[in-house]
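Visitor: File model_27.cif follows (mmCIF, N, CA and C atoms):
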data_work
loop_
_atom_site.label_atom_id
_atom_site.label_comp_id
_atom_site.auth_asym_id
_atom_site.auth_seq_id
_atom_site.Cartn_x
_atom_site.Cartn_y
_atom_site.Cartn_z
N GLU L 1 191.58 90.20 28.24
CA GLU L 1 190.25 89.61 28.27
C GLU L 1 189.65 89.81 29.66
N THR L 2 188.44 90.35 29.70
CA THR L 2 187.85 90.75 30.96
C THR L 2 186.43 90.21 31.08
N ASP L 3 186.11 89.65 32.24
CA ASP L 3 184.73 89.29 32.57
C ASP L 3 184.07 90.58 33.05
N ILE L 4 183.20 91.15 32.23
CA ILE L 4 182.61 92.45 32.51
C ILE L 4 181.80 92.45 33.80
N GLY L 5 181.09 91.38 34.07
CA GLY L 5 180.31 91.28 35.30
C GLY L 5 181.19 91.41 36.54
N ASP L 6 182.27 90.62 36.58
CA ASP L 6 183.21 90.70 37.72
C ASP L 6 183.85 92.08 37.79
N PHE L 7 184.23 92.61 36.64
CA PHE L 7 184.88 93.91 36.57
C PHE L 7 183.96 95.00 37.14
N LEU L 8 182.70 95.02 36.70
CA LEU L 8 181.75 96.03 37.18
C LEU L 8 181.48 95.87 38.68
N ARG L 9 181.31 94.64 39.13
CA ARG L 9 181.07 94.43 40.57
C ARG L 9 182.23 94.96 41.39
N GLY L 10 183.45 94.74 40.92
CA GLY L 10 184.63 95.23 41.64
C GLY L 10 184.65 96.75 41.76
N ILE L 11 184.24 97.43 40.69
CA ILE L 11 184.22 98.89 40.70
C ILE L 11 183.05 99.41 41.53
N LEU L 12 181.89 98.76 41.39
CA LEU L 12 180.68 99.29 42.01
C LEU L 12 180.51 98.99 43.49
N THR L 13 181.20 98.00 44.01
CA THR L 13 181.01 97.65 45.42
C THR L 13 181.11 98.85 46.36
N PRO L 14 182.15 99.68 46.28
CA PRO L 14 182.19 100.84 47.19
C PRO L 14 181.07 101.84 46.91
N TYR L 15 180.61 101.94 45.66
CA TYR L 15 179.54 102.88 45.32
C TYR L 15 178.20 102.41 45.86
N VAL L 16 178.00 101.09 45.87
CA VAL L 16 176.78 100.54 46.47
C VAL L 16 176.75 100.93 47.95
N GLU L 17 177.89 100.77 48.63
CA GLU L 17 177.97 101.12 50.05
C GLU L 17 177.80 102.62 50.27
N MET L 18 178.42 103.47 49.42
CA MET L 18 178.25 104.92 49.55
C MET L 18 176.80 105.31 49.31
N GLY L 19 176.17 104.65 48.36
CA GLY L 19 174.76 104.92 48.09
C GLY L 19 173.88 104.59 49.28
N GLU L 20 174.15 103.45 49.90
CA GLU L 20 173.36 103.05 51.06
C GLU L 20 173.46 104.08 52.19
N ILE L 21 174.65 104.63 52.38
CA ILE L 21 174.87 105.62 53.43
C ILE L 21 174.00 106.85 53.20
N SER L 22 173.85 107.25 51.94
CA SER L 22 173.07 108.46 51.62
C SER L 22 171.67 108.12 51.07
N ASP L 23 171.20 106.89 51.34
CA ASP L 23 169.86 106.45 50.94
C ASP L 23 169.64 106.55 49.44
N LYS L 24 170.64 106.10 48.68
CA LYS L 24 170.54 106.02 47.22
C LYS L 24 170.81 104.56 46.84
N THR L 25 170.24 104.13 45.74
CA THR L 25 170.42 102.76 45.29
C THR L 25 171.36 102.74 44.10
N VAL L 26 172.41 101.91 44.17
CA VAL L 26 173.34 101.73 43.05
C VAL L 26 173.29 100.26 42.66
N SER L 27 173.02 99.99 41.37
CA SER L 27 172.91 98.60 40.94
C SER L 27 173.52 98.40 39.55
N ILE L 28 173.67 97.11 39.19
CA ILE L 28 174.26 96.72 37.91
C ILE L 28 173.24 95.90 37.13
N GLU L 29 173.17 96.15 35.83
CA GLU L 29 172.42 95.30 34.90
C GLU L 29 173.40 94.86 33.84
N ASN L 30 173.90 93.63 33.96
CA ASN L 30 174.93 93.14 33.03
C ASN L 30 174.35 92.11 32.08
N ASP L 31 174.40 92.42 30.77
CA ASP L 31 173.97 91.48 29.75
C ASP L 31 175.15 91.00 28.90
N VAL L 32 176.36 91.17 29.40
CA VAL L 32 177.55 90.71 28.68
C VAL L 32 177.97 89.37 29.28
N HIS L 33 177.89 88.33 28.44
CA HIS L 33 178.18 86.98 28.94
C HIS L 33 179.36 86.35 28.21
N GLN L 34 180.28 87.20 27.79
CA GLN L 34 181.51 86.73 27.15
C GLN L 34 182.64 87.63 27.64
N LYS L 35 183.84 87.12 27.57
CA LYS L 35 184.98 87.96 27.94
C LYS L 35 185.23 88.97 26.83
N VAL L 36 185.60 90.19 27.25
CA VAL L 36 185.82 91.28 26.32
C VAL L 36 187.19 91.87 26.58
N SER L 37 187.92 92.18 25.51
CA SER L 37 189.23 92.79 25.64
C SER L 37 189.07 94.29 25.83
N VAL L 38 189.42 94.78 27.04
CA VAL L 38 189.30 96.21 27.35
C VAL L 38 190.53 96.68 28.11
N ASP L 39 190.75 97.97 28.09
CA ASP L 39 191.79 98.60 28.89
C ASP L 39 191.18 98.82 30.28
N GLN L 40 191.43 97.88 31.19
CA GLN L 40 190.79 97.91 32.50
C GLN L 40 191.08 99.19 33.28
N LYS L 41 192.30 99.66 33.21
CA LYS L 41 192.67 100.86 33.97
C LYS L 41 191.86 102.07 33.51
N ARG L 42 191.80 102.30 32.21
CA ARG L 42 191.07 103.46 31.68
C ARG L 42 189.56 103.29 31.82
N LEU L 43 189.07 102.08 31.62
CA LEU L 43 187.64 101.84 31.77
C LEU L 43 187.21 102.03 33.23
N HIS L 44 188.06 101.62 34.15
CA HIS L 44 187.80 101.84 35.58
C HIS L 44 187.73 103.34 35.86
N GLN L 45 188.70 104.09 35.32
CA GLN L 45 188.73 105.54 35.51
C GLN L 45 187.46 106.19 34.94
N LEU L 46 187.06 105.77 33.76
CA LEU L 46 185.86 106.29 33.11
C LEU L 46 184.63 106.06 33.98
N LEU L 47 184.46 104.84 34.46
CA LEU L 47 183.28 104.52 35.27
C LEU L 47 183.28 105.28 36.59
N VAL L 48 184.43 105.44 37.19
CA VAL L 48 184.53 106.21 38.44
C VAL L 48 184.08 107.65 38.20
N LEU L 49 184.53 108.26 37.11
CA LEU L 49 184.12 109.63 36.79
C LEU L 49 182.60 109.73 36.63
N LEU L 50 182.02 108.79 35.91
CA LEU L 50 180.58 108.83 35.66
C LEU L 50 179.78 108.51 36.92
N LEU L 51 180.26 107.57 37.72
CA LEU L 51 179.57 107.23 38.96
C LEU L 51 179.65 108.35 39.99
N ASP L 52 180.82 108.97 40.09
CA ASP L 52 180.97 110.10 41.02
C ASP L 52 179.95 111.19 40.69
N ASN L 53 179.84 111.53 39.41
CA ASN L 53 178.87 112.55 39.00
C ASN L 53 177.44 112.11 39.28
N ALA L 54 177.12 110.87 38.97
CA ALA L 54 175.75 110.38 39.18
C ALA L 54 175.36 110.49 40.65
N LEU L 55 176.26 110.12 41.55
CA LEU L 55 175.94 110.21 42.97
C LEU L 55 175.94 111.66 43.45
N LYS L 56 176.86 112.44 42.94
CA LYS L 56 176.99 113.84 43.37
C LYS L 56 175.73 114.64 43.03
N TYR L 57 175.14 114.36 41.87
CA TYR L 57 174.00 115.14 41.41
C TYR L 57 172.67 114.41 41.56
N SER L 58 172.61 113.49 42.51
CA SER L 58 171.35 112.83 42.83
C SER L 58 171.05 113.05 44.30
N ASP L 59 169.80 112.85 44.65
CA ASP L 59 169.34 113.14 46.00
C ASP L 59 168.90 111.87 46.72
N THR L 60 168.59 112.01 47.98
CA THR L 60 168.09 110.90 48.79
C THR L 60 166.96 110.20 48.05
N GLY L 61 167.02 108.87 48.00
CA GLY L 61 165.98 108.08 47.36
C GLY L 61 166.20 107.86 45.87
N ASP L 62 167.18 108.54 45.27
CA ASP L 62 167.43 108.36 43.84
C ASP L 62 168.16 107.06 43.56
N LYS L 63 168.18 106.69 42.28
CA LYS L 63 168.80 105.43 41.85
C LYS L 63 169.87 105.70 40.79
N VAL L 64 170.91 104.88 40.82
CA VAL L 64 171.94 104.89 39.78
C VAL L 64 172.06 103.45 39.29
N VAL L 65 171.93 103.26 37.98
CA VAL L 65 172.04 101.93 37.39
C VAL L 65 173.16 101.95 36.35
N VAL L 66 174.10 101.03 36.50
CA VAL L 66 175.16 100.85 35.52
C VAL L 66 174.80 99.61 34.71
N SER L 67 174.71 99.78 33.40
CA SER L 67 174.35 98.65 32.56
C SER L 67 175.44 98.37 31.53
N ALA L 68 175.52 97.11 31.13
CA ALA L 68 176.50 96.69 30.13
C ALA L 68 175.82 95.72 29.17
N ALA L 69 176.10 95.90 27.89
CA ALA L 69 175.54 95.02 26.86
C ALA L 69 176.48 95.02 25.66
N ILE L 70 176.27 94.09 24.76
CA ILE L 70 177.01 94.08 23.50
C ILE L 70 175.99 94.23 22.38
N GLU L 71 176.24 95.22 21.52
CA GLU L 71 175.39 95.47 20.36
C GLU L 71 176.28 95.69 19.15
N LYS L 72 176.09 94.90 18.12
CA LYS L 72 176.82 95.06 16.86
C LYS L 72 178.33 95.22 17.06
N LYS L 73 178.93 94.28 17.77
CA LYS L 73 180.38 94.25 18.02
C LYS L 73 180.88 95.49 18.77
N ARG L 74 180.01 96.04 19.62
CA ARG L 74 180.39 97.18 20.45
C ARG L 74 179.96 96.89 21.89
N LEU L 75 180.83 97.28 22.83
CA LEU L 75 180.48 97.20 24.24
C LEU L 75 179.74 98.49 24.57
N ILE L 76 178.53 98.36 25.09
CA ILE L 76 177.70 99.51 25.44
C ILE L 76 177.62 99.56 26.97
N LEU L 77 178.13 100.64 27.52
CA LEU L 77 178.05 100.86 28.97
C LEU L 77 177.19 102.11 29.18
N ALA L 78 176.33 102.06 30.17
CA ALA L 78 175.50 103.23 30.48
C ALA L 78 175.46 103.43 31.99
N VAL L 79 175.50 104.70 32.38
CA VAL L 79 175.30 105.07 33.78
C VAL L 79 174.07 105.98 33.78
N ALA L 80 172.98 105.45 34.33
CA ALA L 80 171.71 106.18 34.35
C ALA L 80 171.36 106.51 35.79
N ASP L 81 170.94 107.75 36.02
CA ASP L 81 170.52 108.14 37.37
C ASP L 81 169.15 108.80 37.32
N THR L 82 168.53 108.88 38.48
CA THR L 82 167.24 109.55 38.60
C THR L 82 167.42 110.87 39.35
N GLY L 83 168.58 111.47 39.17
CA GLY L 83 168.94 112.70 39.88
C GLY L 83 168.36 113.95 39.26
N ARG L 84 169.08 115.05 39.42
CA ARG L 84 168.60 116.39 39.06
C ARG L 84 168.54 116.62 37.56
N GLY L 85 169.30 115.87 36.80
CA GLY L 85 169.31 116.06 35.35
C GLY L 85 170.23 117.19 34.93
N ILE L 86 170.35 117.37 33.63
CA ILE L 86 171.22 118.38 33.04
C ILE L 86 170.39 119.17 32.02
N SER L 87 170.47 120.48 32.08
CA SER L 87 169.70 121.31 31.16
C SER L 87 170.17 121.07 29.71
N ASP L 88 169.27 121.37 28.78
CA ASP L 88 169.62 121.22 27.36
C ASP L 88 170.81 122.09 26.99
N GLU L 89 170.87 123.29 27.54
CA GLU L 89 172.00 124.20 27.27
C GLU L 89 173.30 123.59 27.78
N ALA L 90 173.27 123.03 28.98
CA ALA L 90 174.49 122.44 29.56
C ALA L 90 174.93 121.21 28.78
N LYS L 91 173.99 120.45 28.21
CA LYS L 91 174.36 119.26 27.44
C LYS L 91 175.28 119.61 26.28
N LYS L 92 175.15 120.83 25.75
CA LYS L 92 176.00 121.26 24.63
C LYS L 92 177.45 121.44 25.06
N HIS L 93 177.69 121.67 26.33
CA HIS L 93 179.04 122.00 26.83
C HIS L 93 179.57 121.00 27.85
N ILE L 94 178.80 119.99 28.17
CA ILE L 94 179.10 119.12 29.31
C ILE L 94 180.48 118.45 29.22
N PHE L 95 180.99 118.26 27.99
CA PHE L 95 182.30 117.61 27.84
C PHE L 95 183.43 118.62 27.66
N ASP L 96 183.12 119.91 27.71
CA ASP L 96 184.15 120.95 27.60
C ASP L 96 184.98 121.01 28.88
N ARG L 97 186.27 121.24 28.72
CA ARG L 97 187.15 121.36 29.89
C ARG L 97 186.72 122.53 30.76
N PHE L 98 186.68 122.33 32.04
CA PHE L 98 186.37 123.32 33.07
C PHE L 98 184.91 123.77 33.07
N TYR L 99 184.05 123.14 32.25
CA TYR L 99 182.64 123.55 32.24
C TYR L 99 181.93 122.96 33.46
N ARG L 100 181.16 123.80 34.14
CA ARG L 100 180.31 123.34 35.24
C ARG L 100 178.96 124.03 35.11
N GLU L 101 177.91 123.25 35.16
CA GLU L 101 176.57 123.86 35.08
C GLU L 101 176.31 124.69 36.33
N ASP L 102 176.75 124.19 37.48
CA ASP L 102 176.59 124.92 38.74
C ASP L 102 177.76 125.88 38.89
N LYS L 103 177.53 127.14 38.59
CA LYS L 103 178.60 128.14 38.60
C LYS L 103 178.85 128.73 39.98
N THR L 104 178.11 128.29 40.98
CA THR L 104 178.20 128.91 42.30
C THR L 104 179.45 128.49 43.06
N GLY L 105 180.13 127.44 42.58
CA GLY L 105 181.27 126.92 43.34
C GLY L 105 180.79 126.23 44.60
N ASN L 106 179.57 125.74 44.56
CA ASN L 106 178.93 125.06 45.67
C ASN L 106 179.84 123.98 46.24
N ARG L 107 180.09 124.03 47.52
CA ARG L 107 180.97 123.03 48.14
C ARG L 107 180.39 121.64 48.08
N GLU L 108 179.07 121.55 48.10
CA GLU L 108 178.43 120.24 48.06
C GLU L 108 178.79 119.49 46.78
N THR L 109 178.76 120.19 45.65
CA THR L 109 179.07 119.53 44.38
C THR L 109 180.54 119.62 44.03
N GLY L 110 181.20 120.70 44.41
CA GLY L 110 182.64 120.82 44.18
C GLY L 110 183.05 120.52 42.76
N GLY L 111 184.29 120.17 42.56
CA GLY L 111 184.76 119.77 41.24
C GLY L 111 185.37 120.91 40.46
N THR L 112 186.12 120.52 39.43
CA THR L 112 186.83 121.49 38.61
C THR L 112 186.23 121.63 37.22
N GLY L 113 185.32 120.72 36.87
CA GLY L 113 184.79 120.74 35.52
C GLY L 113 185.66 119.97 34.55
N LEU L 114 186.54 119.13 35.07
CA LEU L 114 187.42 118.34 34.20
C LEU L 114 186.95 116.90 34.02
N GLY L 115 186.16 116.38 34.94
CA GLY L 115 185.80 114.97 34.94
C GLY L 115 185.21 114.47 33.64
N LEU L 116 184.21 115.17 33.13
CA LEU L 116 183.55 114.68 31.91
C LEU L 116 184.39 114.91 30.66
N SER L 117 185.28 115.92 30.68
CA SER L 117 186.18 116.07 29.53
C SER L 117 187.20 114.93 29.53
N ILE L 118 187.63 114.50 30.69
CA ILE L 118 188.53 113.34 30.79
C ILE L 118 187.79 112.08 30.35
N ALA L 119 186.54 111.94 30.77
CA ALA L 119 185.74 110.78 30.36
C ALA L 119 185.64 110.72 28.83
N GLU L 120 185.37 111.86 28.22
CA GLU L 120 185.27 111.90 26.76
C GLU L 120 186.61 111.55 26.11
N TRP L 121 187.71 112.05 26.68
CA TRP L 121 189.04 111.74 26.15
C TRP L 121 189.31 110.23 26.20
N ILE L 122 188.96 109.59 27.32
CA ILE L 122 189.16 108.14 27.45
C ILE L 122 188.38 107.40 26.37
N VAL L 123 187.12 107.79 26.20
CA VAL L 123 186.27 107.13 25.20
C VAL L 123 186.83 107.34 23.80
N GLN L 124 187.21 108.57 23.46
CA GLN L 124 187.75 108.85 22.13
C GLN L 124 189.07 108.12 21.89
N ALA L 125 189.88 107.98 22.93
CA ALA L 125 191.15 107.25 22.80
C ALA L 125 190.92 105.78 22.45
N HIS L 126 189.72 105.29 22.73
CA HIS L 126 189.36 103.91 22.41
C HIS L 126 188.47 103.83 21.17
N ASN L 127 188.47 104.92 20.38
CA ASN L 127 187.64 104.98 19.16
C ASN L 127 186.16 104.75 19.46
N GLY L 128 185.74 105.24 20.61
CA GLY L 128 184.36 105.07 21.01
C GLY L 128 183.60 106.38 20.97
N LYS L 129 182.40 106.33 21.52
CA LYS L 129 181.52 107.50 21.54
C LYS L 129 180.84 107.56 22.90
N ILE L 130 180.68 108.78 23.43
CA ILE L 130 179.94 108.99 24.66
C ILE L 130 178.85 110.03 24.40
N THR L 131 177.66 109.74 24.89
CA THR L 131 176.54 110.66 24.72
C THR L 131 175.86 110.88 26.07
N VAL L 132 175.14 111.99 26.15
CA VAL L 132 174.35 112.30 27.34
C VAL L 132 172.92 112.54 26.90
N SER L 133 171.97 112.01 27.67
CA SER L 133 170.56 112.20 27.36
C SER L 133 169.76 112.23 28.65
N ASP L 134 168.50 112.62 28.52
CA ASP L 134 167.61 112.65 29.68
C ASP L 134 167.17 111.23 30.02
N ASN L 135 167.02 110.98 31.31
CA ASN L 135 166.46 109.72 31.80
C ASN L 135 165.05 110.06 32.25
N GLU L 136 164.07 109.60 31.51
CA GLU L 136 162.68 109.95 31.84
C GLU L 136 162.18 109.12 33.01
N PRO L 137 161.44 109.69 33.97
CA PRO L 137 160.94 111.05 33.96
C PRO L 137 161.95 112.08 34.49
N LYS L 138 163.03 111.64 35.15
CA LYS L 138 164.04 112.62 35.58
C LYS L 138 165.39 111.94 35.69
N GLY L 139 166.41 112.76 35.56
CA GLY L 139 167.76 112.24 35.66
C GLY L 139 168.50 112.29 34.34
N THR L 140 169.64 111.59 34.32
CA THR L 140 170.56 111.66 33.18
C THR L 140 171.08 110.27 32.85
N ILE L 141 171.35 110.04 31.57
CA ILE L 141 171.99 108.80 31.12
C ILE L 141 173.25 109.16 30.34
N PHE L 142 174.39 108.64 30.78
CA PHE L 142 175.61 108.73 30.00
C PHE L 142 175.80 107.36 29.37
N LYS L 143 175.88 107.34 28.04
CA LYS L 143 176.02 106.08 27.31
C LYS L 143 177.35 106.09 26.56
N VAL L 144 178.09 105.00 26.74
CA VAL L 144 179.41 104.84 26.13
C VAL L 144 179.34 103.63 25.19
N SER L 145 179.85 103.83 23.98
CA SER L 145 179.90 102.76 22.99
C SER L 145 181.36 102.58 22.58
N LEU L 146 181.89 101.37 22.80
CA LEU L 146 183.30 101.08 22.50
C LEU L 146 183.40 99.88 21.56
N PRO L 147 184.26 99.96 20.55
CA PRO L 147 184.44 98.79 19.67
C PRO L 147 185.13 97.67 20.44
N ILE L 148 184.72 96.43 20.11
CA ILE L 148 185.38 95.27 20.75
C ILE L 148 185.91 94.34 19.68
#
Output the file's structure as structure tokens, nothing else.
Guide:
Amino acid sequence: ETDIGDFLRGILTPYVEMGEISDKTVSIENDVHQKVSVDQKRLHQLLVLLLDNALKYSDTGDKVVVSAAIEKKRLILAVADTGRGISDEAKKHIFDRFYREDKTGNRETGGTGLGLSIAEWIVQAHNGKITVSDNEPKGTIFKVSLPI
């Protein structure tokens, strides 16, 4: 049984500080007011993967918002950013192992292309669903739906 608000604050505290250093805003919108039974270790890993990407692909002045809610007996977590966004073509492959939209091997973004495939594996292992969509007017939203 987990207090989602406390859990999210514990994970996000270092990200709020990292965001401040690079002039980005990281915040939480928690609408879960009951304890929820979750695999804290895997959920922590999932959020770290999504937060790392959100910060990596956003620029000075951008925002990252992590939200939590309960809808129809499901825990809904979302990581929304106002960063560079993901092309429609890349959205088709974003959860594939080793896939990277930036093929240049850019040191700034780095990575192996495994993070989002691991995120999807964690979600599927919990009989959940993860989706990616555009955040209007710019950016990306990763939405996770997990049964509770």
Visitor: To one decimal place, how far is atom C of Ser58 (chain L) from atom C of Leu12 (chain L) in Å?
Guide: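 Here the two named atoms are 17.0 Å from each other.
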Visitor: Take the PyMOL selection byres (((chain L and resi 25-36 and name CA) around 6) and name CA), run it mentally on this structure, and tell me the resulting residues as a list in words.
Guide: Glu1, Thr2, Asp3, Val16, Gly19, Lys24, Ser37, Lys63, Val64, Val65, Val66, Ser67, Ala68 and Ala69 of chain L
Visitor: Please, what distance in Å, to one decimal, runs between atom C of Leu77 (chain L) and CA of Val144 (chain L)?
Guide: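 Interatomic distance here is 4.7 Å.
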Visitor: Quick one: apply the PyMOL selection byres ((chain L and resi 117-121) around 6) to the file and drop the selected residues here as a ChimeraX atom specification.
Guide: /L:46,94-97,113-116,122-125
Visitor: Write the selection just made, keeping N, CA and C atoms, as a compact mmCIF listing (two decimals), in the coordinates of the input?
Guide:
# COMPACT_ATOMS: atom_id res chain seq x y z
N LEU L 46 187.06 105.77 33.76
CA LEU L 46 185.86 106.29 33.11
C LEU L 46 184.63 106.06 33.98
N ILE L 94 178.80 119.99 28.17
CA ILE L 94 179.10 119.12 29.31
C ILE L 94 180.48 118.45 29.22
N PHE L 95 180.99 118.26 27.99
CA PHE L 95 182.30 117.61 27.84
C PHE L 95 183.43 118.62 27.66
N ASP L 96 183.12 119.91 27.71
CA ASP L 96 184.15 120.95 27.60
C ASP L 96 184.98 121.01 28.88
N ARG L 97 186.27 121.24 28.72
CA ARG L 97 187.15 121.36 29.89
C ARG L 97 186.72 122.53 30.76
N GLY L 113 185.32 120.72 36.87
CA GLY L 113 184.79 120.74 35.52
C GLY L 113 185.66 119.97 34.55
N LEU L 114 186.54 119.13 35.07
CA LEU L 114 187.42 118.34 34.20
C LEU L 114 186.95 116.90 34.02
N GLY L 115 186.16 116.38 34.94
CA GLY L 115 185.80 114.97 34.94
C GLY L 115 185.21 114.47 33.64
N LEU L 116 184.21 115.17 33.13
CA LEU L 116 183.55 114.68 31.91
C LEU L 116 184.39 114.91 30.66
N ILE L 122 188.96 109.59 27.32
CA ILE L 122 189.16 108.14 27.45
C ILE L 122 188.38 107.40 26.37
N VAL L 123 187.12 107.79 26.20
CA VAL L 123 186.27 107.13 25.20
C VAL L 123 186.83 107.34 23.80
N GLN L 124 187.21 108.57 23.46
CA GLN L 124 187.75 108.85 22.13
C GLN L 124 189.07 108.12 21.89
N ALA L 125 189.88 107.98 22.93
CA ALA L 125 191.15 107.25 22.80
C ALA L 125 190.92 105.78 22.45
Visitor: Which value, in Å to one decimal, gives the distance between atom C of Gly83 (chain L) and atom C of Lys138 (chain L)?
Guide: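 Computing it gives 5.1 Å between the two atoms.
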Visitor: For Ile11 (chain L), which residue out of L:Ile141, L:Leu55, L:Val132, L:Leu47 is the nearest one, using only C-alpha atoms?
Guide: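 Closest residue, counting only C-alpha atoms: L:Leu47.
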Visitor: Around the point (171.8, 121.5, 29.9) in the file's coordinates, collect all residues with an atom within 12 Å, using only C-alpha atoms, and return them as a ChimeraX atom specification.
Guide: /L:84-95,99-102,132-134,139-140
Visitor: Could you go through region 14-117 of chain L and tell me which residues DSSP, when run on the backbone, assigns to helix (DSSP H, G or I), listing them as JSON, numbers by chain?
Guide: {"L": [14, 15, 16, 17, 18, 19, 20, 21, 40, 41, 42, 43, 44, 45, 46, 47, 48, 49, 50, 51, 52, 53, 54, 55, 56, 88, 89, 90, 91, 115, 116, 117]}
Visitor: So which one's closest to Asn127 (chain L), L:Ile70, L:Leu49, L:Leu146, L:Ile4? Using all atoms listed in the file, please.
Guide: L:Leu146
Visitor: Run DSSP on the backbone and give me the residues of chain L it puts in strand (DSSP E or B), as a PyMOL selection string.
Guide: chain L and resi 2-3+25-30+35-36+63-71+74-81+129-134+140-147
Visitor: Go through L:His44, L:Arg9, L:Lys143, L:Lys129 and flag the residue nearest Ala80 (chain L), using all atoms listed in the file for the distances.
Guide: L:Lys143
Visitor: Could you spell out the hits of the PyMOL selection byres ((chain L and resi 147) around 5) on the shown file, as a VMD selection string?
Guide: chain L and resid 73 to 75 145 to 146 148
Visitor: Can you work out which one of L:Glu71, L:Val79, L:Lys56, L:His126 has the shortest atom-to-atom distance to Ser22 (chain L), counting only C-alpha atoms?
Guide: L:Lys56
Visitor: When distances are computed from all atoms listed in the file, which of L:Thr82, L:Ala54, L:Phe98, L:Glu17 shows the smallest separation from Glu136 (chain L)?
Guide: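 Closest residue, counting all atoms listed in the file: L:Thr82.
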